[in-house]
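Each remark here refers to the structure printed beneath this line.
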Amino acid sequence: MLYNNDIDIAPILARKVAVIGYGSQGRAQALNLRDSGVDVTVGLRPKSPGREQAAADGVAVADVVEAVAAADVVAMLIPDEAQPAVYRSIEPSLREGATLVFAHGFNIYYGRIEPRADLDVVMAAPFGIGEKVRSLYEAGGGTAGMVAVDADASGHALSIALGFAKALGLGHGGVIETTFKEETETDLFAEQAVLCGGLTHLITAAYETLVGAGYAPEIAYFSCLHEVKLMADVIHTEGIARMRESISSTAAFGDATRGPRVINEQSRREMAAMLDEIRDGRFAEEQAREMAAGGPVLAEYRREAAGHSIEKVGRPLREAMKNED
């Protein structure tokens with residue numbers, strides 16, 4: 001792990017940076033870079049909705065090609081599926097010897113983007129969503145993160161990546177050097193098995209089990225969804241073992257004897273199969289077909305999720321708690 005005292009920010013302060021995109025990560029990273037003293041311009045389409053927000057934030061904005069042409073470092077912070085086409089459109093405008101920065105290794109690892117040979121290709125990937133990257137920075141801290149180098153044409157790629165990471169605030173939480181391969185495979189697996197796929201399906205299935213057995217939906221909501229944050233906070237700050245020591249003996253006994261019935265050998269076999277699909281490219285190919293078709297599976301999935309009972313019950317409860325806060 002590298003921390004602030006181990007990292008020199010000077011290499012990124014000496015360069016002009018173009019951030020492409022102003023969504024969750026784009027906005028957070030552009031603002032953190034700017035507030036760290038980096039010369040930043042956000043590259044956006046003429047009619048991009050992000051222009052109004054960037055103007056309100058006081059960030060310099062230019063058309064994408066214009067921003068790229070003036071930059072020494074270009075950070076690709078638009079969705080994975082949009083990056084290959086955007087890269088092809090900006091490649092002629094990239095300065096010779098420029099640095100491409102990614103927050104996720106997906107397109108480089110799976111060969112969807114093949115950068116010019118004169119470019120440095122690096123990654124600075126926070127362990128956190130954009131809102132958290134920004135809020136922790138504003139509070140004087142930062143998330144942990146990763147850096148990686150895929151191409152080092154200049155001989156200085158790692159120092160640029162580390163300087164970029166420090167300017168984002170990642171030196172507060174700690175920076176780990178990795179590879180595009182390792183980051184991509186572990187990130188996709190964690191999303192599918194735990195953070196998004198595993199967690200949300202587990203919560204929903206538990207809620208449905210209680211409601212189906214006749215329990216009040218509101219009680220099922222608080223028991224199976226709301227309290228997840230309370231447990232996650234303890235795990236985040238103290239670890240799993242400490243969490244198991246802090247809960248009641250009844251809860252701990254249920255954890256020890258019933259938890260393995262939920263995450264069982266079939267679950268582990270499916271996890272292994274999912275990891276194989278990530279490693280051999282099957283997931284990436286499936287995702288590419290989905291995006292090329294306009295995202296019909298994803299659209300239906302989101303529609304069903306929005307209409308689920310757990311959302312109908314949860315929306316007014318969350319609103320009431322927000323009002324109390």
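Going by the structure tokens order, chains are called A, B, ..., each with residues numbered from 1, while ligands are numbered from 1 in the order shown.
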
Q) Which residues, written as a list in words, have at least one atom at most 7 Å from A:Gly163, with only C-alpha atoms counted and residues fewer than 4 positions away on the same chain left out? A)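 Listing them by chain and then by number gives Ile7, Asp8, Ile9, Ala10, Pro11, Ile12, Ser159 and Ala167 of chain A.
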
Could those selected residues go to a file with all heavy atoms, as an mmCIF file, in the first residue's frame?
data_model
loop_
_atom_site.group_PDB
_atom_site.id
_atom_site.type_symbol
_atom_site.label_atom_id
_atom_site.label_comp_id
_atom_site.auth_asym_id
_atom_site.auth_seq_id
_atom_site.Cartn_x
_atom_site.Cartn_y
_atom_site.Cartn_z
ATOM 1 N N ILE A 7 3.875 9.208 -2.278
ATOM 2 C CA ILE A 7 3.514 9.541 -3.661
ATOM 3 C C ILE A 7 3.815 11.003 -3.960
ATOM 4 O O ILE A 7 3.480 11.896 -3.179
ATOM 5 C CB ILE A 7 2.012 9.274 -3.907
ATOM 6 C CG1 ILE A 7 1.664 7.819 -3.597
ATOM 7 C CG2 ILE A 7 1.630 9.615 -5.340
ATOM 8 C CD1 ILE A 7 0.175 7.525 -3.594
ATOM 9 N N ASP A 8 4.437 11.247 -5.106
ATOM 10 C CA ASP A 8 4.733 12.594 -5.571
ATOM 11 C C ASP A 8 3.617 13.063 -6.500
ATOM 12 O O ASP A 8 3.349 12.431 -7.531
ATOM 13 C CB ASP A 8 6.073 12.598 -6.325
ATOM 14 C CG ASP A 8 6.509 13.987 -6.749
ATOM 15 O OD1 ASP A 8 5.835 14.971 -6.379
ATOM 16 O OD2 ASP A 8 7.529 14.091 -7.468
ATOM 17 N N ILE A 9 2.958 14.165 -6.142
ATOM 18 C CA ILE A 9 1.869 14.678 -6.959
ATOM 19 C C ILE A 9 2.370 15.522 -8.131
ATOM 20 O O ILE A 9 1.622 15.822 -9.060
ATOM 21 C CB ILE A 9 0.892 15.506 -6.088
ATOM 22 C CG1 ILE A 9 -0.459 15.663 -6.796
ATOM 23 C CG2 ILE A 9 1.502 16.857 -5.717
ATOM 24 C CD1 ILE A 9 -1.521 16.328 -5.936
ATOM 25 N N ALA A 10 3.652 15.898 -8.112
ATOM 26 C CA ALA A 10 4.197 16.824 -9.103
ATOM 27 C C ALA A 10 3.969 16.400 -10.561
ATOM 28 O O ALA A 10 3.672 17.250 -11.410
ATOM 29 C CB ALA A 10 5.691 17.042 -8.847
ATOM 30 N N PRO A 11 4.089 15.101 -10.915
ATOM 31 C CA PRO A 11 3.916 14.737 -12.332
ATOM 32 C C PRO A 11 2.555 15.107 -12.899
ATOM 33 O O PRO A 11 2.451 15.453 -14.074
ATOM 34 C CB PRO A 11 4.117 13.210 -12.315
ATOM 35 C CG PRO A 11 5.035 12.976 -11.164
ATOM 36 C CD PRO A 11 4.583 13.959 -10.122
ATOM 37 N N ILE A 12 1.501 15.069 -12.084
ATOM 38 C CA ILE A 12 0.186 15.423 -12.619
ATOM 39 C C ILE A 12 -0.036 16.932 -12.558
ATOM 40 O O ILE A 12 -0.756 17.498 -13.395
ATOM 41 C CB ILE A 12 -0.939 14.661 -11.881
ATOM 42 C CG1 ILE A 12 -2.205 14.618 -12.746
ATOM 43 C CG2 ILE A 12 -1.233 15.244 -10.534
ATOM 44 C CD1 ILE A 12 -2.064 13.811 -14.007
ATOM 45 N N SER A 159 4.493 7.021 -12.508
ATOM 46 C CA SER A 159 4.516 8.244 -11.700
ATOM 47 C C SER A 159 3.329 9.139 -12.034
ATOM 48 O O SER A 159 2.772 9.808 -11.152
ATOM 49 C CB SER A 159 5.832 9.000 -11.903
ATOM 50 O OG SER A 159 5.961 9.451 -13.243
ATOM 51 N N ALA A 167 -4.010 13.052 -6.423
ATOM 52 C CA ALA A 167 -4.854 14.229 -6.629
ATOM 53 C C ALA A 167 -6.335 13.900 -6.428
ATOM 54 O O ALA A 167 -7.128 14.778 -6.086
ATOM 55 C CB ALA A 167 -4.621 14.814 -8.018
#

Q: Write down as number ranges by chain the residues belonging to stretch 21-249 of chain A that are assigned strand (DSSP E or B) by DSSP computed on the backbone.
A: A: 39-44, 60-63, 73-76, 99-102, 120-126, 145-151, 175-178

Saved selection, atoms kept: N, CA, C and O atoms, as a short mmCIF file (atom, residue, chain, number, x, y, z; two decimals), in the first residue's frame:
data_model
loop_
_atom_site.label_atom_id
_atom_site.label_comp_id
_atom_site.auth_asym_id
_atom_site.auth_seq_id
_atom_site.Cartn_x
_atom_site.Cartn_y
_atom_site.Cartn_z
N ASP A 39 -4.65 21.36 -13.51
CA ASP A 39 -5.27 22.11 -14.60
C ASP A 39 -6.23 21.16 -15.33
O ASP A 39 -5.80 20.29 -16.08
N VAL A 40 -7.55 21.33 -15.11
CA VAL A 40 -8.54 20.38 -15.61
C VAL A 40 -9.54 21.06 -16.53
O VAL A 40 -10.04 22.15 -16.23
N THR A 41 -9.84 20.39 -17.64
CA THR A 41 -10.94 20.77 -18.51
C THR A 41 -11.81 19.54 -18.73
O THR A 41 -11.30 18.44 -18.94
N VAL A 42 -13.13 19.73 -18.66
CA VAL A 42 -14.06 18.62 -18.89
C VAL A 42 -14.48 18.64 -20.35
O VAL A 42 -14.92 19.68 -20.87
N GLY A 43 -14.35 17.51 -21.01
CA GLY A 43 -14.77 17.37 -22.41
C GLY A 43 -16.16 16.79 -22.50
O GLY A 43 -16.39 15.68 -22.02
N LEU A 44 -17.09 17.55 -23.12
CA LEU A 44 -18.47 17.10 -23.23
C LEU A 44 -19.04 17.42 -24.60
O LEU A 44 -18.59 18.35 -25.28
N ALA A 60 -13.93 24.27 -16.03
CA ALA A 60 -13.77 24.61 -17.44
C ALA A 60 -14.34 23.49 -18.30
O ALA A 60 -14.11 22.31 -18.03
N VAL A 61 -15.10 23.86 -19.34
CA VAL A 61 -15.74 22.89 -20.23
C VAL A 61 -15.39 23.21 -21.67
O VAL A 61 -15.31 24.38 -22.05
N ALA A 62 -15.17 22.16 -22.46
CA ALA A 62 -14.91 22.32 -23.90
C ALA A 62 -15.51 21.14 -24.63
O ALA A 62 -15.85 20.12 -24.02
N ASP A 63 -15.65 21.26 -25.96
CA ASP A 63 -16.05 20.11 -26.76
C ASP A 63 -15.00 19.02 -26.58
O ASP A 63 -13.82 19.30 -26.32
N VAL A 73 -2.97 14.63 -20.51
CA VAL A 73 -3.55 13.45 -19.88
C VAL A 73 -5.05 13.46 -20.16
O VAL A 73 -5.72 14.48 -19.94
N VAL A 74 -5.58 12.35 -20.65
CA VAL A 74 -7.01 12.25 -20.97
C VAL A 74 -7.60 11.12 -20.15
O VAL A 74 -7.19 9.95 -20.27
N ALA A 75 -8.57 11.47 -19.29
CA ALA A 75 -9.23 10.48 -18.44
C ALA A 75 -10.55 10.09 -19.06
O ALA A 75 -11.44 10.92 -19.22
N MET A 76 -10.71 8.81 -19.37
CA MET A 76 -11.93 8.28 -20.00
C MET A 76 -12.90 7.87 -18.91
O MET A 76 -12.83 6.76 -18.37
N THR A 99 -1.09 10.66 -22.20
CA THR A 99 -1.44 9.58 -21.28
C THR A 99 -2.95 9.38 -21.27
O THR A 99 -3.71 10.34 -21.10
N LEU A 100 -3.39 8.14 -21.45
CA LEU A 100 -4.79 7.77 -21.30
C LEU A 100 -4.99 7.18 -19.91
O LEU A 100 -4.25 6.28 -19.51
N VAL A 101 -5.99 7.69 -19.19
CA VAL A 101 -6.29 7.19 -17.86
C VAL A 101 -7.68 6.55 -17.87
O VAL A 101 -8.63 7.15 -18.36
N PHE A 102 -7.77 5.37 -17.30
CA PHE A 102 -9.05 4.68 -17.16
C PHE A 102 -9.33 4.44 -15.69
O PHE A 102 -8.40 4.32 -14.88
N ASP A 120 0.95 6.50 -23.27
CA ASP A 120 0.93 5.80 -21.99
C ASP A 120 -0.52 5.42 -21.69
O ASP A 120 -1.44 6.22 -21.91
N VAL A 121 -0.73 4.22 -21.18
CA VAL A 121 -2.07 3.76 -20.84
C VAL A 121 -2.04 3.29 -19.39
O VAL A 121 -1.36 2.32 -19.06
N VAL A 122 -2.78 4.01 -18.53
CA VAL A 122 -2.73 3.73 -17.11
C VAL A 122 -4.14 3.68 -16.52
O VAL A 122 -5.12 4.04 -17.18
N MET A 123 -4.21 3.26 -15.28
CA MET A 123 -5.48 3.21 -14.57
C MET A 123 -5.32 3.85 -13.20
O MET A 123 -4.29 3.67 -12.54
N ALA A 124 -6.32 4.62 -12.79
CA ALA A 124 -6.44 5.09 -11.42
C ALA A 124 -7.89 4.81 -11.03
O ALA A 124 -8.81 5.49 -11.49
N ALA A 125 -8.08 3.79 -10.23
CA ALA A 125 -9.44 3.28 -9.95
C ALA A 125 -9.76 3.38 -8.47
O ALA A 125 -9.20 2.64 -7.65
N PRO A 126 -10.66 4.29 -8.09
CA PRO A 126 -11.06 4.36 -6.68
C PRO A 126 -11.89 3.15 -6.27
O PRO A 126 -12.64 2.60 -7.06
N GLY A 145 -7.68 2.98 -3.38
CA GLY A 145 -7.78 2.78 -4.82
C GLY A 145 -6.64 1.97 -5.38
O GLY A 145 -5.76 1.50 -4.64
N MET A 146 -6.66 1.82 -6.70
CA MET A 146 -5.66 1.03 -7.41
C MET A 146 -5.05 1.85 -8.54
O MET A 146 -5.72 2.72 -9.11
N VAL A 147 -3.81 1.56 -8.87
CA VAL A 147 -3.21 2.08 -10.09
C VAL A 147 -2.62 0.91 -10.86
O VAL A 147 -2.24 -0.11 -10.29
N ALA A 148 -2.57 1.07 -12.18
CA ALA A 148 -1.98 0.04 -13.03
C ALA A 148 -1.42 0.71 -14.28
O ALA A 148 -1.87 1.79 -14.68
N VAL A 149 -0.45 0.06 -14.88
CA VAL A 149 0.14 0.54 -16.13
C VAL A 149 0.01 -0.57 -17.17
O VAL A 149 0.48 -1.68 -16.95
N ASP A 150 -0.64 -0.25 -18.29
CA ASP A 150 -0.75 -1.21 -19.38
C ASP A 150 0.28 -0.93 -20.47
O ASP A 150 0.76 -1.84 -21.12
N ALA A 151 0.61 0.36 -20.67
CA ALA A 151 1.61 0.74 -21.66
C ALA A 151 2.41 1.92 -21.11
O ALA A 151 1.83 2.90 -20.65
N VAL A 175 -3.13 3.26 -1.83
CA VAL A 175 -3.12 2.91 -3.24
C VAL A 175 -2.38 1.59 -3.43
O VAL A 175 -1.27 1.41 -2.92
N ILE A 176 -3.00 0.68 -4.16
CA ILE A 176 -2.41 -0.62 -4.46
C ILE A 176 -2.06 -0.67 -5.93
O ILE A 176 -2.88 -0.32 -6.78
N GLU A 177 -0.84 -1.12 -6.27
CA GLU A 177 -0.48 -1.30 -7.67
C GLU A 177 -0.98 -2.67 -8.13
O GLU A 177 -0.78 -3.68 -7.47
N THR A 178 -1.66 -2.68 -9.28
CA THR A 178 -2.24 -3.91 -9.80
C THR A 178 -2.02 -3.97 -11.31
O THR A 178 -1.15 -3.28 -11.84
#

Q: Name the residues of stretch 217-261 of chain A that come out as alpha helix (DSSP H) in a backbone DSSP run; write them as a PyMOL selection string.
A: chain A and resi 217-221+227-238+240-246+249-261

Q: Tell me which protein, DNA and RNA residues are within 12 Å of stretch 183-196 of chain A, counting only C-alpha atoms, leaving out same-chain ones fewer than 3 positions away, and put them as a PyMOL selection string.
A: chain A and resi 80+102-110+122-129+145-150+176-180+199-204+232+263+267-281+283-284+287

Q: Using only C-alpha atoms, find the one residue out of A:Ala216, A:Pro92, A:Glu208, A:Ala28 that sits nearest to A:Ser135.
A: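 Once distances to A:Ser135 are computed over only C-alpha atoms, the minimum belongs to A:Ala28.
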
Q. Suppose you want the space between atom CA of A:Gly50 and atom CA of A:Ala293; what is it in Å?
A.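 One can read the atom CA of A:Gly50 to atom CA of A:Ala293 distance as 25.5 Å.
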
Q. Using only C-alpha atoms, which residues sit within 12 Å of A:Ala292 once same-chain residues fewer than 6 positions away are excluded, as a PyMOL selection string?
A. chain A and resi 81-82+285-286

Please produce an output containing N, CA and C atoms for each residue in the selection, written as an mmCIF file, in the first residue's frame.
data_model
loop_
_atom_site.group_PDB
_atom_site.id
_atom_site.type_symbol
_atom_site.label_atom_id
_atom_site.label_comp_id
_atom_site.auth_asym_id
_atom_site.auth_seq_id
_atom_site.Cartn_x
_atom_site.Cartn_y
_atom_site.Cartn_z
ATOM 1 N N GLU A 81 -19.463 0.957 -22.330
ATOM 2 C CA GLU A 81 -19.954 0.652 -23.668
ATOM 3 C C GLU A 81 -19.764 1.803 -24.640
ATOM 4 N N ALA A 82 -19.610 3.041 -24.116
ATOM 5 C CA ALA A 82 -19.441 4.208 -24.991
ATOM 6 C C ALA A 82 -17.979 4.489 -25.309
ATOM 7 N N GLU A 285 -18.542 -10.614 -23.944
ATOM 8 C CA GLU A 285 -19.214 -10.804 -25.233
ATOM 9 C C GLU A 285 -20.735 -10.708 -25.068
ATOM 10 N N GLU A 286 -21.254 -11.294 -23.995
ATOM 11 C CA GLU A 286 -22.693 -11.237 -23.735
ATOM 12 C C GLU A 286 -23.136 -9.796 -23.478
#

Q) A:Lys166, A:Ile113, A:Gly314, A:Ser309: which is nearest A:Gly212, counting only C-alpha atoms? A)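 Of A:Lys166, A:Ile113, A:Gly314, A:Ser309, the one nearest A:Gly212 is A:Ser309, counting only C-alpha atoms.
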
Q: To one decimal in Å, tell me the separation between atom CA of A:Gly169 and atom CA of A:Arg95.
A: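 Between atom CA of A:Gly169 and atom CA of A:Arg95 the gap works out to 26.8 Å.
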
Q: Pick out the closest residue to A:Leu33 from this set: A:Ile240, A:Leu170, A:Ala157, A:Ile247. Count only C-alpha atoms.
A: A:Leu170

Q: Could you check which of A:Ala241, A:Val133, A:Ile90, A:Ala85 is closest to A:Ala30, using only C-alpha atoms?
A: A:Val133
